[in-house]
>>> print(open('coords05.txt').read())   # compact mmCIF, C-alpha atoms and all ligand atoms
# COMPACT_ATOMS: atom_id res chain seq x y z
CA MET A 245 6.60 -24.28 -40.09
CA ALA A 246 6.34 -27.99 -39.48
CA THR A 247 3.08 -29.52 -38.22
CA TYR A 248 2.83 -32.59 -35.96
CA GLU A 249 0.11 -34.71 -34.34
CA MET A 250 -0.86 -33.86 -30.77
CA PHE A 251 -1.02 -36.99 -28.57
CA TRP A 252 -3.82 -38.10 -26.28
CA ASP A 253 -4.29 -40.97 -23.80
CA CYS A 254 -7.49 -43.01 -23.78
CA PRO A 255 -9.08 -42.75 -20.32
CA ALA A 256 -11.37 -45.74 -21.01
CA CYS A 257 -8.79 -48.44 -21.77
CA GLY A 258 -5.51 -46.78 -20.80
CA THR A 259 -3.92 -46.81 -24.28
CA THR A 260 -1.38 -43.97 -24.47
CA LYS A 261 0.14 -41.79 -27.22
CA LEU A 262 -2.87 -41.87 -29.58
CA LEU A 263 -2.74 -39.35 -32.43
CA GLY A 264 -4.79 -36.17 -32.00
CA LYS A 265 -5.79 -35.76 -35.64
CA THR A 266 -5.79 -39.34 -36.93
CA HIS A 267 -7.40 -41.07 -33.95
CA ARG A 268 -10.74 -39.39 -33.30
CA HIS A 269 -11.68 -42.65 -31.59
CA CYS A 270 -9.46 -44.96 -29.57
CA PRO A 271 -8.29 -47.74 -31.96
CA SER A 272 -8.30 -50.20 -29.02
CA CYS A 273 -11.70 -49.67 -27.39
CA GLY A 274 -13.52 -47.23 -29.66
CA ALA A 275 -14.01 -44.50 -27.00
CA ALA A 276 -14.32 -40.94 -28.37
CA GLN A 277 -11.27 -38.65 -28.02
CA ASP A 278 -11.29 -36.33 -25.01
CA PRO A 279 -9.68 -33.04 -26.26
CA GLU A 280 -8.65 -32.08 -22.72
CA ARG A 281 -6.30 -35.06 -22.68
CA ARG A 282 -4.27 -33.79 -25.64
CA TYR A 283 -0.59 -33.04 -25.00
CA PHE A 284 2.66 -32.28 -26.84
CA PRO A 285 4.72 -35.43 -27.42
CA ALA A 286 8.41 -35.65 -26.55
CA GLU A 287 10.73 -34.49 -29.35
CA HIS A 288 11.85 -38.01 -30.31
CA GLU A 289 8.26 -39.30 -30.54
CA LYS A 290 6.70 -36.54 -32.66
CA VAL A 291 4.70 -37.60 -35.74
CA ALA A 292 4.65 -35.23 -38.71
CA VAL A 293 1.41 -34.40 -40.54
CA GLU A 294 2.05 -34.25 -44.30
CA ASP A 295 0.33 -31.53 -46.36
CA HIS A 296 -1.65 -30.31 -43.36
CA VAL A 297 -4.57 -28.03 -44.18
CA PHE A 298 -5.74 -25.98 -41.23
CA VAL A 299 -9.49 -25.43 -41.24
CA GLY A 300 -9.87 -24.02 -37.76
CA ARG A 301 -9.86 -25.09 -34.17
CA ASP A 302 -11.91 -28.27 -33.40
CA LEU A 303 -15.48 -27.88 -32.21
CA VAL A 304 -16.61 -29.92 -29.22
CA CYS A 305 -19.94 -31.71 -29.73
CA ALA A 306 -22.52 -30.26 -27.34
CA HIS A 307 -24.09 -33.70 -26.86
CA CYS A 308 -21.16 -36.10 -26.34
CA GLU A 309 -18.16 -33.72 -25.90
CA THR A 310 -16.24 -35.32 -28.76
CA PRO A 311 -13.91 -33.00 -30.72
CA ASN A 312 -14.84 -32.62 -34.39
CA SER A 313 -13.05 -30.95 -37.28
CA ALA A 314 -14.30 -27.39 -37.81
CA ILE A 315 -15.67 -28.33 -41.26
CA ALA A 316 -17.57 -31.41 -40.01
CA LYS A 317 -21.35 -31.29 -40.47
CA HIS A 318 -22.10 -34.10 -38.03
CA CYS A 319 -20.41 -35.45 -34.91
CA VAL A 320 -18.08 -38.36 -35.65
CA ASN A 321 -19.24 -39.98 -32.42
CA CYS A 322 -22.98 -39.43 -32.03
CA GLY A 323 -24.07 -37.92 -35.37
CA ALA A 324 -25.53 -34.69 -33.89
CA ALA A 325 -25.32 -31.55 -36.03
CA ILE A 326 -21.99 -29.65 -35.74
CA GLY A 327 -21.43 -25.95 -36.40
CA ASP A 328 -24.97 -24.88 -35.51
CA GLY A 329 -23.85 -22.72 -32.62
CA ASP A 330 -24.30 -24.99 -29.61
CA ASP A 331 -20.75 -26.28 -29.81
CA VAL A 332 -17.55 -24.58 -28.63
CA GLY A 333 -13.88 -24.63 -29.64
CA VAL A 334 -11.51 -26.95 -27.78
CA VAL A 335 -9.30 -25.55 -25.05
CA LEU A 336 -5.74 -25.08 -26.30
CA VAL A 337 -2.84 -26.82 -24.60
CA HIS A 338 -0.06 -24.48 -23.52
CA GLU A 339 3.54 -25.33 -24.05
CA ARG A 340 4.58 -25.75 -20.44
CA ASP A 341 2.10 -28.62 -20.12
CA GLY A 342 4.22 -30.90 -22.25
CA SER A 343 6.94 -29.18 -24.18
CA SER A 344 10.63 -29.65 -24.57
CA GLU A 345 12.83 -26.59 -24.35
CA ALA A 346 16.30 -27.28 -25.58
CA PRO A 347 18.70 -24.79 -27.17
CA SER A 348 18.76 -25.78 -30.83
CA GLU A 349 22.42 -24.91 -31.36
CA ALA A 350 23.46 -27.83 -29.17
CA SER A 351 22.11 -30.60 -31.38
CA GLY A 352 22.75 -33.31 -28.81
CA ALA A 353 20.84 -31.53 -26.07
CA THR A 354 17.80 -33.38 -24.84
CA SER A 355 14.76 -32.00 -23.14
CA SER A 356 15.95 -33.38 -19.82
CA SER A 357 19.05 -31.18 -19.89
CA ALA A 358 17.00 -28.01 -20.31
CA LYS A 359 14.13 -28.73 -17.96
CA PRO A 360 15.94 -28.25 -14.61
CA GLU A 361 16.46 -24.57 -15.51
CA VAL A 362 12.83 -23.80 -14.79
CA PRO A 363 12.64 -24.68 -11.07
CA VAL A 364 16.09 -23.18 -10.45
CA LYS A 365 14.94 -19.86 -11.87
CA SER A 366 11.70 -19.69 -9.92
CA GLY A 367 13.47 -20.87 -6.77
CA GLY A 368 16.03 -18.11 -7.13
CA ARG A 369 13.31 -15.54 -7.49
CA GLY A 370 11.59 -16.83 -4.35
CA TRP A 371 14.84 -16.70 -2.39
CA ALA A 372 15.58 -13.16 -3.53
CA GLY A 373 12.06 -12.17 -2.56
CA LEU A 374 12.52 -13.63 0.91
CA VAL A 375 15.82 -11.80 1.38
CA GLY A 376 14.20 -8.57 0.14
CA LEU A 377 11.33 -9.02 2.59
CA GLY A 378 13.81 -9.64 5.42
CA LEU A 379 15.77 -6.49 4.56
CA LEU A 380 12.55 -4.49 4.39
CA GLY A 381 11.59 -5.81 7.82
CA MET A 382 14.98 -4.92 9.29
CA LEU A 383 14.78 -1.45 7.76
CA PHE A 384 11.32 -0.98 9.29
CA VAL A 385 12.48 -2.11 12.74
CA SER A 386 15.59 0.10 12.67
CA MET A 387 13.51 3.10 11.53
CA LEU A 388 11.05 2.39 14.35
CA CYS A 389 13.89 2.22 16.90
CA CYS A 390 15.31 5.47 15.51
CA CYS A 391 11.90 7.18 15.74
CA ILE A 392 11.35 6.02 19.33
CA THR A 393 14.84 7.21 20.36
CA VAL A 394 14.34 10.64 18.77
CA PHE A 395 10.70 11.36 19.58
CA TRP A 396 10.11 9.63 22.92
CA THR A 397 10.97 12.46 25.28
CA ARG A 398 10.10 13.70 28.77
CA GLU A 399 10.04 17.24 30.13
CA GLY A 400 12.81 18.46 32.38
CA GLU A 401 14.63 21.61 33.42
CA ALA A 402 17.98 22.44 31.83
CA GLU A 403 20.62 24.95 32.75
CA LEU A 404 23.16 26.67 30.53
CA VAL A 405 26.40 25.67 32.29
CA SER A 406 28.88 27.19 29.85
CA ARG A 407 29.41 28.54 26.34
CA SER A 408 32.27 27.99 23.88
CA TRP A 409 33.23 29.13 20.41
CA GLU A 410 35.59 27.97 17.71
CA ARG A 411 36.63 29.85 14.55
CA SER A 412 38.80 28.31 11.83
CA ILE A 413 40.43 29.51 8.62
CA ALA A 414 41.62 27.06 5.99
CA ILE A 415 45.17 27.57 4.72
CA GLU A 416 45.75 26.54 1.10
CA ARG A 417 49.10 25.81 -0.47
CA PHE A 418 50.17 26.06 -4.12
CA SER A 419 52.04 22.84 -4.85
CA ALA A 420 52.80 20.14 -7.38
CA ARG A 421 50.07 17.49 -7.33
CA SER A 422 49.86 14.11 -9.04
CA ASP A 423 46.71 13.48 -11.01
CA GLY A 424 45.42 11.46 -13.94
CA ASP A 425 42.80 11.69 -16.65
CA TRP A 426 42.00 10.49 -20.16
CA CYS A 427 44.62 12.17 -22.32
CA ASP A 428 41.96 14.03 -24.32
CA GLY A 429 40.80 15.68 -21.11
CA MET A 430 44.19 16.49 -19.58
CA PRO A 431 44.69 20.09 -18.34
CA HIS A 432 46.84 22.21 -20.66
CA ASP A 433 49.40 23.03 -17.96
CA ALA A 434 50.11 19.42 -17.01
CA TYR A 435 53.74 18.29 -17.04
CA GLY A 436 55.69 15.10 -16.34
CA VAL A 437 53.13 13.16 -18.39
CA SER A 438 53.29 9.37 -18.70
CA ARG A 439 50.84 7.54 -20.96
CA SER A 440 49.35 4.11 -20.59
CA GLN A 441 46.46 2.09 -22.00
CA LYS A 442 43.34 1.63 -19.93
CA GLN A 443 39.90 0.22 -20.61
CA ARG A 444 37.59 3.18 -21.18
CA SER A 445 34.37 1.48 -22.19
CA THR A 446 32.87 -1.79 -23.38
CA ASN A 447 31.40 -2.66 -26.76
CA ARG A 448 28.62 -5.23 -27.04
CA ILE A 449 29.16 -7.23 -30.20
CA PRO A 450 26.50 -9.64 -31.53
CA ASP A 451 28.09 -13.08 -31.81
CA GLY A 452 25.27 -15.48 -32.52
CA GLU A 453 21.88 -16.46 -31.25
CA VAL A 454 20.30 -18.89 -28.85
CA CYS A 455 17.21 -20.62 -30.19
CA ARG A 456 14.58 -22.78 -28.64
CA THR A 457 11.76 -24.77 -30.14
CA VAL A 458 8.30 -23.40 -29.46
CA ASN A 459 5.23 -25.66 -29.70
CA ARG A 460 1.87 -24.07 -30.52
CA ASP A 461 -1.38 -26.05 -30.28
CA ASN A 462 -3.43 -25.58 -33.46
CA GLY A 463 -6.56 -26.85 -31.70
CA ASP A 464 -7.39 -29.40 -34.41
CA GLY A 465 -5.39 -32.31 -33.05
CA THR A 466 -2.12 -30.96 -34.46
CA TYR A 467 0.56 -28.53 -33.33
CA SER A 468 3.13 -26.37 -35.10
CA GLN A 469 6.79 -26.02 -34.22
CA SER A 470 8.85 -22.91 -34.76
CA GLN A 471 12.14 -21.50 -33.55
CA SER A 472 12.29 -18.59 -31.17
CA CYS A 473 15.74 -16.98 -31.27
CA THR A 474 17.44 -14.22 -29.33
CA THR A 475 20.75 -12.61 -30.22
CA THR A 476 23.66 -13.20 -27.88
CA TYR A 477 26.46 -10.69 -27.34
CA ARG A 478 30.03 -10.77 -26.21
CA GLU A 479 31.64 -7.84 -24.46
CA GLU A 480 34.81 -6.35 -25.88
CA PRO A 481 36.88 -3.81 -23.95
CA VAL A 482 37.68 -0.48 -25.65
CA TYR A 483 41.09 0.92 -24.71
CA ASP A 484 42.23 4.52 -24.70
CA ASP A 485 45.23 6.61 -23.62
CA TRP A 486 45.38 7.38 -19.90
CA CYS A 487 47.69 10.18 -18.80
CA SER A 488 49.33 10.38 -15.38
CA TYR A 489 50.73 13.86 -14.84
CA THR A 490 51.73 16.60 -12.43
CA VAL A 491 49.97 19.97 -12.13
CA ASP A 492 50.62 22.96 -9.86
CA ARG A 493 47.39 23.69 -8.01
CA TRP A 494 46.02 25.32 -4.88
CA GLY A 495 44.87 22.74 -2.36
CA HIS A 496 43.98 22.41 1.32
CA ASP A 497 47.02 22.47 3.58
CA ARG A 498 45.76 22.91 7.18
CA TRP A 499 43.27 24.63 9.44
CA GLU A 500 44.25 27.51 11.73
CA THR A 501 41.86 27.59 14.69
CA ALA A 502 41.07 29.96 17.55
CA LYS A 503 38.80 28.86 20.39
CA GLY A 504 37.53 30.21 23.67
CA THR A 505 34.74 30.28 26.24
CA GLY A 506 31.89 32.64 27.11
CA LYS A 507 34.38 34.91 28.88
CA ASP A 508 36.08 35.84 25.57
CA LYS A 509 34.78 37.71 22.58
CA PRO A 510 34.97 35.36 19.55
CA LYS A 511 37.76 36.28 17.12
CA TRP A 512 39.38 34.82 14.02
CA PRO A 513 42.81 33.16 14.37
CA ARG A 514 45.83 35.27 13.40
CA ILE A 515 47.26 33.82 10.25
CA SER A 516 50.07 34.77 7.95
CA VAL A 517 50.08 33.79 4.28
CA ASP A 518 52.54 34.58 1.51
CA GLY A 519 50.29 36.27 -1.03
CA CYS A 520 52.43 34.96 -3.90
CA ARG A 521 51.61 32.41 -6.60
CA SER A 522 54.47 30.01 -7.07
CA LEU A 523 55.29 26.59 -5.69
CA GLY A 524 55.10 26.56 -1.88
CA CYS A 525 53.03 29.77 -1.58
CA THR A 526 50.08 29.85 0.84
CA ARG A 527 46.77 31.73 0.82
CA GLU A 528 43.63 32.02 2.91
CA GLY A 529 40.79 29.58 2.21
CA SER A 530 37.30 29.20 3.62
CA ARG A 531 36.19 30.23 7.10
CA VAL A 532 34.13 28.16 9.53
CA ALA A 533 32.71 29.18 12.91
CA HIS A 534 30.90 27.17 15.62
CA TYR A 535 29.10 28.63 18.63
CA THR A 536 28.17 26.06 21.25
CA LEU A 537 25.94 26.08 24.35
CA HIS A 538 26.65 23.38 26.94
CA LEU A 539 23.38 22.38 28.62
CA ARG A 540 22.86 20.11 31.63
CA GLU A 541 19.66 18.81 33.22
CA VAL A 542 18.94 20.26 36.67
CA GLY A 543 18.88 17.32 39.12
CA GLY A 544 19.30 14.74 36.37
CA ASP A 545 21.68 13.09 33.89
CA GLY A 546 20.54 14.74 30.65
CA ASP A 547 22.97 16.95 28.75
CA ALA A 548 23.72 18.35 25.30
CA ASP A 549 26.14 20.52 23.33
CA CYS A 550 23.99 22.69 21.07
CA GLN A 551 25.19 24.63 18.05
CA VAL A 552 23.51 28.02 17.74
CA THR A 553 23.88 31.20 15.70
CA GLU A 554 26.42 33.79 16.80
CA ALA A 555 23.56 36.19 17.64
CA GLN A 556 21.87 33.71 20.01
CA TRP A 557 25.21 32.68 21.52
CA THR A 558 26.01 36.32 22.34
CA ARG A 559 22.55 36.84 23.91
CA GLU A 560 22.71 33.79 26.20
CA LYS A 561 23.77 34.14 29.85
CA LYS A 562 25.41 31.38 31.87
CA GLY A 563 23.06 29.99 34.53
CA ARG A 564 19.84 30.55 32.53
CA ARG A 565 17.28 27.77 33.04
CA GLN A 566 14.26 26.64 31.06
CA THR A 567 12.00 23.66 30.48
CA VAL A 568 13.28 21.36 27.70
CA ALA A 569 12.58 17.96 26.08
CA ILE A 570 14.94 15.15 27.17
CA GLY A 571 15.22 11.79 25.35
CA VAL A 572 13.89 8.91 27.49
CA ILE A 573 16.26 6.39 25.90
CA ASP A 574 19.44 8.38 25.12
CA GLY A 575 19.16 11.00 27.89
CA GLY A 576 20.02 13.78 25.43
CA ILE A 577 18.50 17.27 25.78
CA ARG A 578 16.79 18.20 22.48
CA CYS A 579 18.54 21.36 21.29
CA SER A 580 15.44 22.46 19.38
CA SER A 581 13.55 22.75 22.71
CA TRP A 582 16.06 25.34 24.04
CA GLU A 583 14.87 28.68 22.79
ZN ZN A 601 -9.44 -46.91 -25.49
ZN ZN A 602 -21.44 -36.02 -30.49
>>> encode(input="coords05.txt", output="structure tokens")
Amino acid sequence: MATYEMFWDCPACGTTKLLGKTHRHCPSCGAAQDPERRYFPAEHEKVAVEDHVFVGRDLVCAHCETPNSAIAKHCVNCGAAIGDGDDVGVVLVHERDGSSEAPSEASGATSSSAKPEVPVKSGGRGWAGLVGLGLLGMLFVSMLCCCITVFWTREGEAELVSRSWERSIAIERFSARSDGDWCDGMPHDAYGVSRSQKQRSTNRIPDGEVCRTVNRDNGDGTYSQSQSCTTTYREEPVYDDWCSYTVDRWGHDRWETAKGTGKDKPKWPRISVDGCRSLGCTREGSRVAHYTLHLREVGGDGDADCQVTEAQWTREKKGRRQTVAIGVIDGGIRCSSWE
């Protein structure tokens, strides 16, 4: 790990780029070094410290605030005793105060080429945050609107004007169907198979590293430089055999439906299926039934078609009236208020 001099600027006479370890006093005017004015020099200006021995972070003289080496017995500026407990360590400079961050693999890269990345990144984060906040706000407003529409209701009287029912049976057909899968997962009864290559997954392969130089303040007027590296990866597609094939399977063909009003007794549609199992054969699938009450507000515009159980549907009589909740905004009768 290489060690270099921190720089400092003399506040008394304005001389810049003084050396943190070598120049404990300003060579121009003699003013004592102010450790808070230390900074990392630019890469092309750095000054190496040969055979550096680290003895600890500098101690700041309690009387004149001059930084002193940790092994000093007396202040280089005022001569007061050092290391007797009334002095404190200097504040360390952090890298962002004066560092250069350039990828080391591009040898020609200068600090100026890397620096713009920082504001771009933080700006992007701020923008994303703003968009996120906006979306959250829109979500809140739409939820509020939804809540008001659903829950803001008035009382009114509704009448059952009619009833209807609908019963359906799905018809399935056994037929040749095109499908595809990874060949190792193809059904055993597939036929008419054609194979092709498709990307099945992606491998991440390490293909180098990106390094940057990290400056660390030693606190004694010097700093150390090291490399901080992260591995980079490239993505490589992994191909496998894809099979397109035909299989004979049962599948949905159509719905057969019967419907009627409150005058009829609900019944299932009459269907005819083959009962065989070869290409073109049909069979009965699932059954679905809906029983609906058609409600209308008495002396108003509110209405609703309410789905109920078959038992309730059978019990209900046309012309029955009761008090219900009606949406103020959408004018819909709330089915849950019809009991
Ligand atoms: Zn000076
Ligand atoms: Zn002193």
>>> closest_residue(input="coords05.txt", among="A:Ala325, A:Leu263, A:Cys550, A:Leu383", to="ligand ZN 602 (chain A)", atoms="all atoms listed in the file")
A:Ala325
>>> atom_distance(input="coords05.txt", atom1="atom CA of A:Gly424", atom2="atom CA of A:Asp497")
20.8 Å
>>> residues_near_ligand(input="coords05.txt", ligand="ligand ZN 602 (chain A)", cutoff="10 Å", atoms="only C-alpha atoms and all ligand atoms", output="VMD selection string")
chain A and resid 276 304 to 312 318 to 326 331
>>> residues_around(input="coords05.txt", residues="A:Asp425", least_positions_apart="4", cutoff="10 Å", atoms="all atoms listed in the file", output="PyMOL selection string")
chain A and resi 429-431+485-489
>>> residues_around(input="coords05.txt", residues="A:Glu541", least_positions_apart="2", cutoff="10 Å", atoms="only C-alpha atoms", output="ChimeraX atom specification")
/A:400-405,539,543-548,565-568,570,575-577
>>> write_last_selection(input="coords05.txt", atoms="C-alpha atoms", output="short mmCIF file (atom, residue, chain, number, x, y, z; two decimals), in the coordinates of the input")
data_model
loop_
_atom_site.label_atom_id
_atom_site.label_comp_id
_atom_site.auth_asym_id
_atom_site.auth_seq_id
_atom_site.Cartn_x
_atom_site.Cartn_y
_atom_site.Cartn_z
CA GLY A 400 12.81 18.46 32.38
CA GLU A 401 14.63 21.61 33.42
CA ALA A 402 17.98 22.44 31.83
CA GLU A 403 20.62 24.95 32.75
CA LEU A 404 23.16 26.67 30.53
CA VAL A 405 26.40 25.67 32.29
CA LEU A 539 23.38 22.38 28.62
CA GLY A 543 18.88 17.32 39.12
CA GLY A 544 19.30 14.74 36.37
CA ASP A 545 21.68 13.09 33.89
CA GLY A 546 20.54 14.74 30.65
CA ASP A 547 22.97 16.95 28.75
CA ALA A 548 23.72 18.35 25.30
CA ARG A 565 17.28 27.77 33.04
CA GLN A 566 14.26 26.64 31.06
CA THR A 567 12.00 23.66 30.48
CA VAL A 568 13.28 21.36 27.70
CA ILE A 570 14.94 15.15 27.17
CA GLY A 575 19.16 11.00 27.89
CA GLY A 576 20.02 13.78 25.43
CA ILE A 577 18.50 17.27 25.78
#
>>> atom_distance(input="coords05.txt", atom1="atom ZN of ligand ZN 601 (chain A)", atom2="atom CA of A:Ser272")
5.0 Å
>>> closest_atom_pairs(input="coords05.txt", of="chain A", to="ligand ZN 601 (chain A)", cutoff="6 Å", atoms="all atoms listed in the file", output="CSV")
residue,atom,partner,partner_atom,distance
A:Cys254,CA,A:ZN601,ZN,4.7
A:Ala256,CA,A:ZN601,ZN,5.0
A:Cys257,CA,A:ZN601,ZN,4.1
A:Thr259,CA,A:ZN601,ZN,5.7
A:Cys270,CA,A:ZN601,ZN,4.5
A:Ser272,CA,A:ZN601,ZN,5.0
A:Cys273,CA,A:ZN601,ZN,4.0
A:Gly274,CA,A:ZN601,ZN,5.8
A:Ala275,CA,A:ZN601,ZN,5.4
>>> atom_distance(input="coords05.txt", atom1="atom CA of A:Asp330", atom2="atom CA of A:Val299")
18.8 Å
>>> residues_near_point(input="coords05.txt", point="(42.7, 23.0, 2.5)", cutoff="9 Å", atoms="all atoms listed in the file", output="list in words")
Ala414, Ile415, Glu416, Arg417, Trp494, Gly495, His496, Asp497, Arg498, Trp499, Gly529 and Ser530 of chain A
>>> decode(input="coords05.txt", residues="stretch 365-399 of chain A", atoms="C-alpha atoms", output="mmCIF file, in the first residue's frame")
data_model
loop_
_atom_site.group_PDB
_atom_site.id
_atom_site.type_symbol
_atom_site.label_atom_id
_atom_site.label_comp_id
_atom_site.auth_asym_id
_atom_site.auth_seq_id
_atom_site.Cartn_x
_atom_site.Cartn_y
_atom_site.Cartn_z
ATOM 1 C CA LYS A 365 -26.642 8.700 -9.993
ATOM 2 C CA SER A 366 -28.090 10.800 -7.185
ATOM 3 C CA GLY A 367 -30.222 12.738 -9.666
ATOM 4 C CA GLY A 368 -31.639 9.507 -11.026
ATOM 5 C CA ARG A 369 -32.516 8.354 -7.562
ATOM 6 C CA GLY A 370 -34.285 11.633 -6.835
ATOM 7 C CA TRP A 371 -36.263 11.407 -10.071
ATOM 8 C CA ALA A 372 -37.302 7.826 -9.372
ATOM 9 C CA GLY A 373 -38.361 8.869 -5.890
ATOM 10 C CA LEU A 374 -40.495 11.677 -7.290
ATOM 11 C CA VAL A 375 -42.162 9.325 -9.784
ATOM 12 C CA GLY A 376 -42.756 6.797 -6.989
ATOM 13 C CA LEU A 377 -44.310 9.488 -4.815
ATOM 14 C CA GLY A 378 -46.539 10.572 -7.710
ATOM 15 C CA LEU A 379 -47.701 7.002 -8.319
ATOM 16 C CA LEU A 380 -48.389 6.557 -4.614
ATOM 17 C CA GLY A 381 -50.442 9.749 -4.635
ATOM 18 C CA MET A 382 -52.443 8.620 -7.672
ATOM 19 C CA LEU A 383 -53.040 5.229 -6.067
ATOM 20 C CA PHE A 384 -54.284 6.947 -2.908
ATOM 21 C CA VAL A 385 -56.638 9.241 -4.838
ATOM 22 C CA SER A 386 -58.053 6.386 -6.942
ATOM 23 C CA MET A 387 -58.560 4.249 -3.817
ATOM 24 C CA LEU A 388 -60.320 7.188 -2.158
ATOM 25 C CA CYS A 389 -62.591 7.645 -5.199
ATOM 26 C CA CYS A 390 -63.322 3.916 -5.199
ATOM 27 C CA CYS A 391 -64.166 3.970 -1.468
ATOM 28 C CA ILE A 392 -66.475 6.974 -1.845
ATOM 29 C CA THR A 393 -68.276 5.346 -4.810
ATOM 30 C CA VAL A 394 -68.786 2.068 -2.940
ATOM 31 C CA PHE A 395 -69.537 3.280 0.586
ATOM 32 C CA TRP A 396 -71.339 6.598 0.076
ATOM 33 C CA THR A 397 -74.922 5.389 -0.055
ATOM 34 C CA ARG A 398 -78.434 6.633 0.718
ATOM 35 C CA GLU A 399 -81.497 4.686 1.825
#
